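Contents: one structure, followed by commentary.
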Amino acid sequence: MIRFLARCLGLVFLAAGFVGFVYDGARSIANNTVTVSSVSEVASALLKDRAASLQAAVEGSQPALWKFLGAPLTVCPAAPAALVLGLLLLWLGQSPRAGIGTLIRP
């Protein structure tokens with residue numbers, strides 16, 4: 001069940017990363033300059049006020065966690081981050097491989 005969920009979320013994040021690349025590419029062509037949307041821009045567009053409250057909650061309880069992990073992740077480009085997260089989830093959700101010397105067929 002967990003592997004199925006990881007694979008489904010992995011495929012969703014891969015699709016979101018592809019859509020992000022297409023969106024950034026179309027926006028770059030329209031503006032005649034390279035524009036890349038960051039994770040914080042996407043989070044603020046999707047979550048509206050909850051993104052700021054999540055940041056405030058993490059900063060208030062664990063400022064070191066936000067400084068070293070949260071802030072750099074919100075500045076990174078959204079499309080490659082979604083692709084990497086999708087690939088990681090697909091890798092985690094793959095079936096276990098048969099060991100060496102194990103019969104696969106009876």
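For the structure tokens, the naming scheme is as follows: chains receive sequential letters (A, B, ...) according to their order of presentation, residues are indexed from 1 within each chain, and ligands are indexed from 1 in presentation order.
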Within 9 Å of Leu11 in chain A using only C-alpha atoms, minus same-chain residues under 2 positions, as a CSV table (one decimal) with N, CA and C atoms, in the first residue's frame:
chain,number,residue,atom,x,y,z
A,6,ALA,N,3.5,5.8,-2.9
A,6,ALA,CA,4.7,6.4,-3.3
A,6,ALA,C,4.8,6.5,-4.8
A,7,ARG,N,4.5,5.5,-5.5
A,7,ARG,CA,4.5,5.5,-6.9
A,7,ARG,C,3.5,6.5,-7.5
A,8,CYS,N,2.3,6.5,-7.0
A,8,CYS,CA,1.3,7.5,-7.5
A,8,CYS,C,1.7,8.9,-7.2
A,9,LEU,N,2.2,9.2,-6.0
A,9,LEU,CA,2.7,10.6,-5.8
A,9,LEU,C,3.9,10.9,-6.6
A,13,PHE,N,4.1,14.1,-9.1
A,13,PHE,CA,5.2,15.1,-9.0
A,13,PHE,C,6.0,15.2,-10.3
A,14,LEU,N,6.2,14.0,-11.0
A,14,LEU,CA,6.8,14.1,-12.3
A,14,LEU,C,6.0,14.9,-13.3
A,15,ALA,N,4.7,14.7,-13.3
A,15,ALA,CA,3.8,15.4,-14.2
A,15,ALA,C,3.8,16.9,-13.9
A,16,ALA,N,3.8,17.2,-12.5
A,16,ALA,CA,3.9,18.6,-12.1
A,16,ALA,C,5.2,19.3,-12.5
A,86,GLY,N,9.7,13.5,-7.5
A,86,GLY,CA,9.0,12.5,-8.2
A,86,GLY,C,9.9,11.3,-8.5
A,87,LEU,N,11.1,11.5,-8.9
A,87,LEU,CA,12.0,10.4,-9.2
A,87,LEU,C,12.4,9.7,-7.9
A,89,LEU,N,10.5,9.5,-5.2
A,89,LEU,CA,9.3,8.7,-4.7
A,89,LEU,C,9.1,7.4,-5.6
A,90,LEU,N,9.4,7.5,-6.9
A,90,LEU,CA,9.3,6.3,-7.7
A,90,LEU,C,10.4,5.3,-7.4
Check: Nearest to Val12 in chain A: which of A:Ala45, A:Leu85, A:Ala71, A:Gly60 is it, counting only C-alpha atoms?
Finding: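 The shortest atom-to-atom distance to Val12 in chain A comes from A:Leu85.
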Note to self: Which residues are near Val42 in chain A? Cut-off 12 Å, only C-alpha atoms, ignore same chain within fewer than 6 positions. Put them as a ChimeraX atom specification.
What the structure shows: /A:16-17,20,23-24,36,48,51,74-79,81-82
Just the residues within 12 Å of range 96-103 of chain A, please, counting only C-alpha atoms, with nothing from its chain fewer than 4 positions along; format it as a PDB file with N, CA and C atoms, in the first residue's frame.
ATOM      1  N   ARG A   3       3.973   1.435  -1.048  1.00  0.00           N
ATOM      2  CA  ARG A   3       4.679   1.526  -2.332  1.00  0.00           C
ATOM      3  C   ARG A   3       3.758   2.070  -3.419  1.00  0.00           C
ATOM      4  N   TRP A  91      11.548   5.784  -7.025  1.00  0.00           N
ATOM      5  CA  TRP A  91      12.614   4.879  -6.625  1.00  0.00           C
ATOM      6  C   TRP A  91      12.269   4.191  -5.298  1.00  0.00           C
ATOM      7  N   LEU A  92      11.694   4.960  -4.359  1.00  0.00           N
ATOM      8  CA  LEU A  92      11.309   4.377  -3.077  1.00  0.00           C
ATOM      9  C   LEU A  92      10.139   3.409  -3.215  1.00  0.00           C
TER      10      LEU A  92
END
Next item on the list: Would you please extract all helix (DSSP H, G or I) residues from chain A, as assigned by DSSP on the backbone, and give them as an MDAnalysis selection string?
Entry: chainID A and resid 2:31 39:47 49:61 63:75 78:92
